[in-house]
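Structure file work.cif (mmCIF, C-alpha atoms) is printed below.
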data_model
loop_
_atom_site.group_PDB
_atom_site.id
_atom_site.type_symbol
_atom_site.label_atom_id
_atom_site.label_comp_id
_atom_site.auth_asym_id
_atom_site.auth_seq_id
_atom_site.Cartn_x
_atom_site.Cartn_y
_atom_site.Cartn_z
ATOM 1 C CA MET P 1 -22.114 -1.314 5.800
ATOM 2 C CA GLY P 2 -23.084 -4.766 7.004
ATOM 3 C CA GLU P 3 -25.609 -5.095 9.802
ATOM 4 C CA ARG P 4 -23.095 -6.583 12.257
ATOM 5 C CA ALA P 5 -20.513 -3.895 11.522
ATOM 6 C CA MET P 6 -23.131 -1.181 12.077
ATOM 7 C CA GLU P 7 -24.241 -2.752 15.361
ATOM 8 C CA ALA P 8 -20.635 -2.997 16.549
ATOM 9 C CA SER P 9 -20.021 0.601 15.499
ATOM 10 C CA GLN P 10 -23.111 1.829 17.350
ATOM 11 C CA GLY P 11 -22.241 -0.217 20.420
ATOM 12 C CA MET P 12 -18.782 1.343 20.469
ATOM 13 C CA GLU P 13 -20.321 4.816 20.268
ATOM 14 C CA ALA P 14 -22.623 4.114 23.209
ATOM 15 C CA ALA P 15 -20.080 2.386 25.434
ATOM 16 C CA ARG P 16 -18.397 4.538 28.084
ATOM 17 C CA PRO P 17 -15.396 2.746 29.546
ATOM 18 C CA PRO P 18 -14.568 2.951 33.239
ATOM 19 C CA ASP P 19 -11.696 5.287 34.157
ATOM 20 C CA SER P 20 -9.283 2.359 34.518
ATOM 21 C CA ALA P 21 -9.861 1.429 30.858
ATOM 22 C CA ASN P 22 -9.534 4.907 29.303
ATOM 23 C CA ALA P 23 -6.106 4.266 27.773
ATOM 24 C CA LEU P 24 -7.283 1.049 26.117
ATOM 25 C CA TYR P 25 -10.509 2.704 24.999
ATOM 26 C CA ARG P 26 -8.555 5.477 23.240
ATOM 27 C CA ARG P 27 -6.615 2.810 21.352
ATOM 28 C CA VAL P 28 -9.806 1.001 20.382
ATOM 29 C CA ARG P 29 -11.205 4.317 19.115
ATOM 30 C CA GLY P 30 -8.246 4.434 16.728
ATOM 31 C CA LEU P 31 -9.202 0.995 15.425
ATOM 32 C CA HIS P 32 -12.776 2.190 14.997
ATOM 33 C CA ASP P 33 -11.570 5.165 12.950
ATOM 34 C CA LEU P 34 -9.316 2.912 10.883
ATOM 35 C CA SER P 35 -12.199 0.535 10.182
ATOM 36 C CA SER P 36 -14.289 3.519 9.060
ATOM 37 C CA ALA P 37 -11.552 4.525 6.626
ATOM 38 C CA ILE P 38 -11.239 0.988 5.275
ATOM 39 C CA LEU P 39 -15.002 0.867 4.758
ATOM 40 C CA VAL P 40 -14.765 3.996 2.604
ATOM 41 C CA LEU P 41 -12.140 2.282 0.445
ATOM 42 C CA ALA P 42 -14.276 -0.853 0.218
ATOM 43 C CA GLU P 43 -17.360 1.124 -0.789
ATOM 44 C CA ASN P 44 -15.497 2.978 -3.537
ATOM 45 C CA ALA P 45 -13.231 0.220 -4.858
ATOM 46 C CA SER P 46 -13.642 -2.963 -6.774
ATOM 47 C CA ASP P 47 -14.762 -6.002 -4.809
ATOM 48 C CA ARG P 48 -11.437 -7.549 -5.733
ATOM 49 C CA MET P 49 -9.173 -4.865 -4.228
ATOM 50 C CA THR P 50 -6.632 -6.503 -1.958
ATOM 51 C CA LEU P 51 -5.148 -5.182 1.260
ATOM 52 C CA PRO P 52 -1.699 -4.729 -0.389
ATOM 53 C CA GLN P 53 -3.370 -2.706 -3.161
ATOM 54 C CA ALA P 54 -5.103 -0.531 -0.565
ATOM 55 C CA VAL P 55 -1.797 0.034 1.270
ATOM 56 C CA PHE P 56 -0.149 0.946 -2.031
ATOM 57 C CA PHE P 57 -2.904 3.438 -2.893
ATOM 58 C CA LEU P 58 -2.734 5.067 0.537
ATOM 59 C CA ALA P 59 1.067 5.373 0.284
ATOM 60 C CA ALA P 60 0.785 6.959 -3.179
ATOM 61 C CA ALA P 61 -1.934 9.320 -1.940
ATOM 62 C CA ALA P 62 0.062 10.342 1.140
ATOM 63 C CA ALA P 63 3.149 11.120 -0.951
ATOM 64 C CA ASP P 64 1.167 13.138 -3.489
ATOM 65 C CA MET P 65 -0.768 15.059 -0.827
ATOM 66 C CA ALA P 66 2.523 15.885 0.903
ATOM 67 C CA GLY P 67 3.678 17.474 -2.360
ATOM 68 C CA LYS P 68 6.294 14.776 -2.974
ATOM 69 C CA PRO P 69 4.784 12.272 -5.403
ATOM 70 C CA GLU P 70 6.708 9.026 -5.797
ATOM 71 C CA THR P 71 7.142 6.421 -8.507
ATOM 72 C CA TYR P 72 5.784 2.895 -8.293
ATOM 73 C CA THR P 73 9.277 1.603 -7.435
ATOM 74 C CA GLU P 74 9.834 4.206 -4.695
ATOM 75 C CA ILE P 75 6.524 3.347 -3.056
ATOM 76 C CA LYS P 76 7.115 -0.369 -3.345
ATOM 77 C CA GLU P 77 10.576 -0.070 -1.777
ATOM 78 C CA ALA P 78 9.360 2.213 1.014
ATOM 79 C CA VAL P 79 6.482 -0.051 2.018
ATOM 80 C CA GLY P 80 8.513 -3.244 1.813
ATOM 81 C CA PRO P 81 7.948 -6.841 0.828
ATOM 82 C CA ILE P 82 4.460 -7.101 2.275
ATOM 83 C CA ILE P 83 2.908 -5.432 -0.768
ATOM 84 C CA ASN P 84 5.341 -6.696 -3.383
ATOM 85 C CA ARG P 85 3.554 -9.942 -4.188
ATOM 86 C CA SER P 86 2.021 -9.492 -7.670
ATOM 87 C CA LEU P 87 1.520 -5.780 -7.075
ATOM 88 C CA HIS P 88 3.415 -4.839 -10.244
ATOM 89 C CA SER P 89 0.556 -6.100 -12.367
ATOM 90 C CA THR P 90 -2.327 -5.240 -10.051
ATOM 91 C CA TYR P 91 -1.600 -1.670 -8.911
ATOM 92 C CA LYS P 92 -2.839 -0.477 -12.296
ATOM 93 C CA VAL P 93 -6.390 -0.948 -11.045
ATOM 94 C CA PHE P 94 -5.982 2.538 -9.504
ATOM 95 C CA LEU P 95 -4.949 4.177 -12.777
ATOM 96 C CA GLU P 96 -7.267 5.659 -15.323
ATOM 97 C CA GLU P 97 -8.410 3.238 -18.040
ATOM 98 C CA HIS P 98 -5.401 1.338 -19.338
ATOM 99 C CA GLU P 99 -4.493 -1.291 -21.882
ATOM 100 C CA VAL P 100 -4.270 -4.811 -20.470
ATOM 101 C CA SER P 101 -3.091 -6.500 -23.645
ATOM 102 C CA GLU P 102 -3.003 -5.493 -27.267
ATOM 103 C CA GLY P 103 -6.428 -4.156 -28.170
ATOM 104 C CA SER P 104 -7.974 -5.027 -24.796
ATOM 105 C CA ARG P 105 -8.809 -2.287 -22.325
ATOM 106 C CA GLN P 106 -9.721 -2.615 -18.678
ATOM 107 C CA ALA P 107 -11.865 -0.148 -16.801
ATOM 108 C CA ALA P 108 -9.996 0.984 -13.711
ATOM 109 C CA LEU P 109 -10.845 3.093 -10.678
ATOM 110 C CA GLY P 110 -9.158 6.212 -12.017
ATOM 111 C CA TRP P 111 -7.831 7.304 -8.620
ATOM 112 C CA LEU P 112 -4.236 7.799 -9.821
ATOM 113 C CA TYR P 113 -2.524 8.964 -12.976
ATOM 114 C CA ARG P 114 1.105 8.876 -14.093
ATOM 115 C CA GLU P 115 3.008 12.143 -14.447
ATOM 116 C CA THR P 116 6.291 11.989 -16.369
ATOM 117 C CA ASP P 117 9.313 13.648 -14.767
ATOM 118 C CA ARG P 118 10.403 16.515 -17.023
ATOM 119 C CA ARG P 119 14.100 15.851 -16.341
ATOM 120 C CA ASP P 120 13.961 12.058 -16.680
ATOM 121 C CA GLN P 121 11.270 10.721 -19.001
ATOM 122 C CA ARG P 122 11.683 7.221 -17.536
ATOM 123 C CA ARG P 123 10.356 8.335 -14.130
ATOM 124 C CA LYS P 124 6.564 8.267 -13.791
ATOM 125 C CA TYR P 125 5.183 9.816 -10.621
ATOM 126 C CA LEU P 126 1.852 8.580 -9.325
ATOM 127 C CA ARG P 127 -0.546 11.460 -8.655
ATOM 128 C CA LEU P 128 -4.104 11.602 -7.355
ATOM 129 C CA THR P 129 -6.903 12.349 -9.787
ATOM 130 C CA SER P 130 -9.914 14.346 -8.629
ATOM 131 C CA GLU P 131 -11.693 11.018 -8.021
ATOM 132 C CA GLY P 132 -8.738 9.827 -5.921
ATOM 133 C CA ARG P 133 -8.797 13.035 -3.893
ATOM 134 C CA ALA P 134 -12.534 12.580 -3.283
ATOM 135 C CA VAL P 135 -11.936 9.043 -1.973
ATOM 136 C CA ILE P 136 -9.143 10.260 0.319
ATOM 137 C CA SER P 137 -11.354 13.109 1.585
ATOM 138 C CA ALA P 138 -14.138 10.655 2.396
ATOM 139 C CA LEU P 139 -11.638 8.304 4.019
ATOM 140 C CA LEU P 140 -10.238 11.076 6.214
ATOM 141 C CA GLU P 141 -13.749 11.869 7.450
ATOM 142 C CA GLY P 142 -13.404 8.694 9.547
ATOM 143 C CA PHE P 143 -10.593 10.383 11.477
ATOM 144 C CA ARG P 144 -12.544 13.449 12.586
ATOM 145 C CA PRO P 145 -12.044 14.482 16.224
ATOM 146 C CA THR P 146 -15.637 13.470 17.010
ATOM 147 C CA GLY P 147 -14.798 9.905 16.077
ATOM 148 C CA ARG P 148 -18.289 9.449 14.637
ATOM 149 C CA HIS P 149 -18.407 6.875 11.870
ATOM 150 C CA PRO P 150 -18.943 8.754 8.571
ATOM 151 C CA HIS P 151 -21.904 6.516 7.660
ATOM 152 C CA GLN P 152 -23.553 6.648 11.067
ATOM 153 C CA SER P 153 -26.322 9.167 11.481
ATOM 154 C CA THR P 154 -26.676 11.275 14.589
ATOM 155 C CA GLU P 155 -29.703 12.988 16.057
ATOM 156 C CA GLU P 156 -28.541 16.269 14.466
ATOM 157 C CA ASP P 157 -28.396 14.695 10.950
#

As structure tokens, how would this structure be written, given the file I've shared?
Amino acid sequence: MGERAMEASQGMEAARPPDSANALYRRVRGLHDLSSAILVLAENASDRMTLPQAVFFLAAAAADMAGKPETYTEIKEAVGPIINRSLHSTYKVFLEEHEVSEGSRQAALGWLYRETDRRDQRRKYLRLTSEGRAVISALLEGFRPTGRHPHQSTEED
């Protein structure tokens, strides 16, 4: 984590808002937790991962973890036009190694794999790999009730 981000994170941990600001402080804590989760994605992903790609991955992960994996098209339609720009060609960065063009392979993150629907071979569900589950587990650490940033040490550590 960058030095400024760490300082801001530590300052947020130390700050105790006055009673009149408690409601706002609780909302800011949510932003802190979200930033912690995004940092986990950034640390585990390619430097070139875009925000729409991250949203797509999180939507695919949420569907799979809920036991209702979805196809690329279902996720794209559910999330809306914000992630649709060029995502069709770039979401594959989350798949296991795949062919980019004839004879050329691209190393990918390997966080998702395609599972073919037994009843309709055209449907390919996106499922989390063990690596994808590990990333999601680390990401969810940022949302612990303590609110402590997952990369921030405490006196007990």

**Report entry** Between atom CA of P:His88 and atom CA of P:Asp47, distance in Å (one decimal)
**Finding:**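 Those two atoms sit 19.0 Å apart.
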
Report task. Name the residues that the PyMOL selection byres ((chain P and resi 130-134) around 7) picks from the file above, as a ChimeraX atom specification, using the file's chain letters and numbers. Result -> /P:110-112,128-129,135-138

Query raised in the report: When you draw a straight line from atom CA of P:Glu77 to atom CA of P:Ser46, how long is it in Å?
Result: 24.9 Å

Requested in this report: Could you tell me how far atom CA of P:Asp64 lies from atom CA of P:Ala108, in Å and to one decimal?
Outcome: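 We find that atom CA of P:Asp64 and atom CA of P:Ala108 lie 19.4 Å from each other.
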
Please write as a PDB file with C-alpha atoms, in the coordinates of the input the full residue list that the PyMOL selection byres ((chain P and resi 40) around 9) yields on this file.
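Result went into expr.pdb, see below:
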ATOM      1  CA  SER P  35     -12.199   0.535  10.182  1.00  0.00           C
ATOM      2  CA  SER P  36     -14.289   3.519   9.060  1.00  0.00           C
ATOM      3  CA  ALA P  37     -11.552   4.525   6.626  1.00  0.00           C
ATOM      4  CA  ILE P  38     -11.239   0.988   5.275  1.00  0.00           C
ATOM      5  CA  LEU P  39     -15.002   0.867   4.758  1.00  0.00           C
ATOM      6  CA  LEU P  41     -12.140   2.282   0.445  1.00  0.00           C
ATOM      7  CA  ALA P  42     -14.276  -0.853   0.218  1.00  0.00           C
ATOM      8  CA  GLU P  43     -17.360   1.124  -0.789  1.00  0.00           C
ATOM      9  CA  ASN P  44     -15.497   2.978  -3.537  1.00  0.00           C
ATOM     10  CA  ALA P  45     -13.231   0.220  -4.858  1.00  0.00           C
ATOM     11  CA  VAL P 135     -11.936   9.043  -1.973  1.00  0.00           C
ATOM     12  CA  ILE P 136      -9.143  10.260   0.319  1.00  0.00           C
ATOM     13  CA  ALA P 138     -14.138  10.655   2.396  1.00  0.00           C
ATOM     14  CA  LEU P 139     -11.638   8.304   4.019  1.00  0.00           C
ATOM     15  CA  GLY P 142     -13.404   8.694   9.547  1.00  0.00           C
ATOM     16  CA  PRO P 150     -18.943   8.754   8.571  1.00  0.00           C
TER      17      PRO P 150
END

Requested in this report: Find the residue from P:Thr116, P:Val93, P:Arg123, P:Leu140 that sits nearest to P:Met49; use all atoms listed in the file when measuring.
Outcome: P:Val93

Query - Shortest interatomic distance to P:Gln53 - which of P:Leu34, P:Leu87, P:Met65, P:Leu95, counting all atoms listed in the file - result: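 Nearest to P:Gln53: P:Leu87.
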
Query raised in the report: P:Lys92, P:Arg127, P:Lys68, P:Arg122: which is nearest P:Leu109, counting all atoms listed in the file?
Result: P:Lys92

Requested in this report: Return as a PyMOL selection string the set of residues that the PyMOL selection byres ((chain P and resi 74) around 12) yields on the displayed structure.
Outcome: chain P and resi 56+59-60+63+68-73+75-80+84+123-126
